[in-house]
Amino acid sequence: MKKLMLVAILFSLSCGLMAQISLGPKIGYTTGKLSTDKSDITTSLKNSFLFGAFLRLGDKFYLQPEINWYTAGGVFKSPSITDGISPVEDEVALKSIQIPLYIGWKMIDLKLVQIRAQAGPTASIITDKTINPLAPNQTVTVIKDTDIKDVIWGLQFGAGVDVLMFTLDVQYMLGLNKVIGDIVVDGTTVKFDSKQQGFMVTLGWKII
């Protein structure tokens with residue numbers, strides 16, 4: 001009897017979610033960077049465009065999984081890494097497939113306009129790593145492909161507004177694990193402790 005009740009509850013919830021479903025493409029713009037806590041290493045923002053798709057299940061409260069493609073990264077500068085390598089300026093560009101899962105709440109519903117808040121975890125799968133040396137007389141990069149993680153975990157939170165069939169979101173991205181951890185240069189271990197962070201603005205079109 002308890003199993004039947006549980007099945008009935010799950011079926012009712014799934015039917016309720018499917019009754020309120022939105023699906024569509026989205027484009028956006030990111031201002032992310034790979035930050036570091038090292039005082040002698042500076043990083044710059046790497047802006048890029050984003051494109052993907054979203055699926056929204058629910059109404060007042062909803063789930064919204066997405067899949068997005070974008071490029072993250074930045075330029076790491078340091079006056080000196082070791083006595084043998086000085087100065088250093090490595091440009092890092094990471095092409096990523098980002099898969100966030102938002103839990104959202106529609107705070108204001110004016111029929112034609114809705115205002116929402118949402119947050120959730122995200123996984124970014126790195127599909128391509130490009131590292132270029134930029135400093136004068138620097139012929140090799142200090143950061144190597146193997147120093148960069150293949151999966152970056154993070155948390156995104158922000159707000160959005162829906163107007164008719166369009167949906168606009170502003171999110172803050174906060175990295176949870178290190179993108180670049182400890183690297184070894186000339187036998188010396190250097191702690192980069194780099195994490196991803198930045199803002200993301202996206203515009204979606206609800207075709208369903």
# chains A, B, ... in the order shown; residues from 1 in each chain; ligands from 1
>>> residues_around(residues="region 109-116 of chain A", least_positions_apart="3", cutoff="8 Å", atoms="only C-alpha atoms", output="PyMOL selection string")
chain A and resi 104-106+159-164
>>> residues_around(residues="region 149-157 of chain A", least_positions_apart="3", cutoff="12 Å", atoms="only C-alpha atoms", output="NGL selection string")
:A and (34 or 72 or 94-105 or 116-129 or 143-146 or 160 or 169-183 or 193-201)
>>> select_by_dssp(residues="chain A", states="alpha helix (DSSP H)", output="list in words")
Lys2, Lys3, Leu4, Met5, Leu6, Val7, Ala8, Ile9, Leu10, Phe11, Ser12, Leu13, Ser14, Cys15, Gly16, Leu17, Met18 and Ala19 of chain A
>>> atom_distance(atom1="CA of Pro87 (chain A)", atom2="CA of Ala135 (chain A)")
6.8 Å
>>> decode(residues="region 102-120 of chain A", atoms="N, CA and C atoms", output="PDB file, in the first residue's frame")
ATOM      1  N   TYR A 102      19.389  24.383 -12.222  1.00  0.00           N
ATOM      2  CA  TYR A 102      18.866  25.423 -11.339  1.00  0.00           C
ATOM      3  C   TYR A 102      17.600  24.967 -10.629  1.00  0.00           C
ATOM      4  N   ILE A 103      17.457  25.417  -9.408  1.00  0.00           N
ATOM      5  CA  ILE A 103      16.192  25.345  -8.676  1.00  0.00           C
ATOM      6  C   ILE A 103      15.692  26.776  -8.570  1.00  0.00           C
ATOM      7  N   GLY A 104      14.491  27.039  -9.112  1.00  0.00           N
ATOM      8  CA  GLY A 104      14.020  28.410  -9.203  1.00  0.00           C
ATOM      9  C   GLY A 104      12.704  28.660  -8.498  1.00  0.00           C
ATOM     10  N   TRP A 105      12.453  29.934  -8.272  1.00  0.00           N
ATOM     11  CA  TRP A 105      11.226  30.387  -7.603  1.00  0.00           C
ATOM     12  C   TRP A 105      10.728  31.634  -8.314  1.00  0.00           C
ATOM     13  N   LYS A 106       9.492  31.578  -8.772  1.00  0.00           N
ATOM     14  CA  LYS A 106       8.873  32.726  -9.418  1.00  0.00           C
ATOM     15  C   LYS A 106       8.325  33.641  -8.320  1.00  0.00           C
ATOM     16  N   MET A 107       9.011  34.760  -8.074  1.00  0.00           N
ATOM     17  CA  MET A 107       8.657  35.633  -6.955  1.00  0.00           C
ATOM     18  C   MET A 107       7.469  36.540  -7.280  1.00  0.00           C
ATOM     19  N   ILE A 108       7.434  37.055  -8.508  1.00  0.00           N
ATOM     20  CA  ILE A 108       6.380  37.983  -8.928  1.00  0.00           C
ATOM     21  C   ILE A 108       5.823  37.510 -10.263  1.00  0.00           C
ATOM     22  N   ASP A 109       4.501  37.403 -10.340  1.00  0.00           N
ATOM     23  CA  ASP A 109       3.858  36.957 -11.571  1.00  0.00           C
ATOM     24  C   ASP A 109       2.803  37.979 -11.973  1.00  0.00           C
ATOM     25  N   LEU A 110       3.113  38.756 -13.011  1.00  0.00           N
ATOM     26  CA  LEU A 110       2.188  39.763 -13.527  1.00  0.00           C
ATOM     27  C   LEU A 110       1.615  39.339 -14.881  1.00  0.00           C
ATOM     28  N   LYS A 111       1.557  38.006 -15.077  1.00  0.00           N
ATOM     29  CA  LYS A 111       1.040  37.410 -16.313  1.00  0.00           C
ATOM     30  C   LYS A 111       1.978  37.650 -17.496  1.00  0.00           C
ATOM     31  N   LEU A 112       2.079  38.871 -17.960  1.00  0.00           N
ATOM     32  CA  LEU A 112       2.972  39.136 -19.088  1.00  0.00           C
ATOM     33  C   LEU A 112       4.430  39.241 -18.663  1.00  0.00           C
ATOM     34  N   VAL A 113       4.661  39.534 -17.381  1.00  0.00           N
ATOM     35  CA  VAL A 113       6.017  39.686 -16.853  1.00  0.00           C
ATOM     36  C   VAL A 113       6.140  38.875 -15.562  1.00  0.00           C
ATOM     37  N   GLN A 114       7.179  38.070 -15.475  1.00  0.00           N
ATOM     38  CA  GLN A 114       7.474  37.316 -14.255  1.00  0.00           C
ATOM     39  C   GLN A 114       8.916  37.577 -13.826  1.00  0.00           C
ATOM     40  N   ILE A 115       9.105  37.686 -12.517  1.00  0.00           N
ATOM     41  CA  ILE A 115      10.443  37.891 -11.953  1.00  0.00           C
ATOM     42  C   ILE A 115      10.804  36.674 -11.121  1.00  0.00           C
ATOM     43  N   ARG A 116      12.011  36.135 -11.372  1.00  0.00           N
ATOM     44  CA  ARG A 116      12.416  34.883 -10.760  1.00  0.00           C
ATOM     45  C   ARG A 116      13.753  35.003 -10.022  1.00  0.00           C
ATOM     46  N   ALA A 117      13.997  34.052  -9.117  1.00  0.00           N
ATOM     47  CA  ALA A 117      15.309  33.858  -8.496  1.00  0.00           C
ATOM     48  C   ALA A 117      15.658  32.386  -8.649  1.00  0.00           C
ATOM     49  N   GLN A 118      16.928  32.097  -8.891  1.00  0.00           N
ATOM     50  CA  GLN A 118      17.320  30.706  -9.072  1.00  0.00           C
ATOM     51  C   GLN A 118      18.776  30.500  -8.695  1.00  0.00           C
ATOM     52  N   ALA A 119      19.095  29.263  -8.354  1.00  0.00           N
ATOM     53  CA  ALA A 119      20.460  28.897  -7.988  1.00  0.00           C
ATOM     54  C   ALA A 119      20.619  27.398  -8.172  1.00  0.00           C
ATOM     55  N   GLY A 120      21.857  26.967  -8.310  1.00  0.00           N
ATOM     56  CA  GLY A 120      22.088  25.540  -8.440  1.00  0.00           C
ATOM     57  C   GLY A 120      23.520  25.202  -8.790  1.00  0.00           C
TER      58      GLY A 120
END
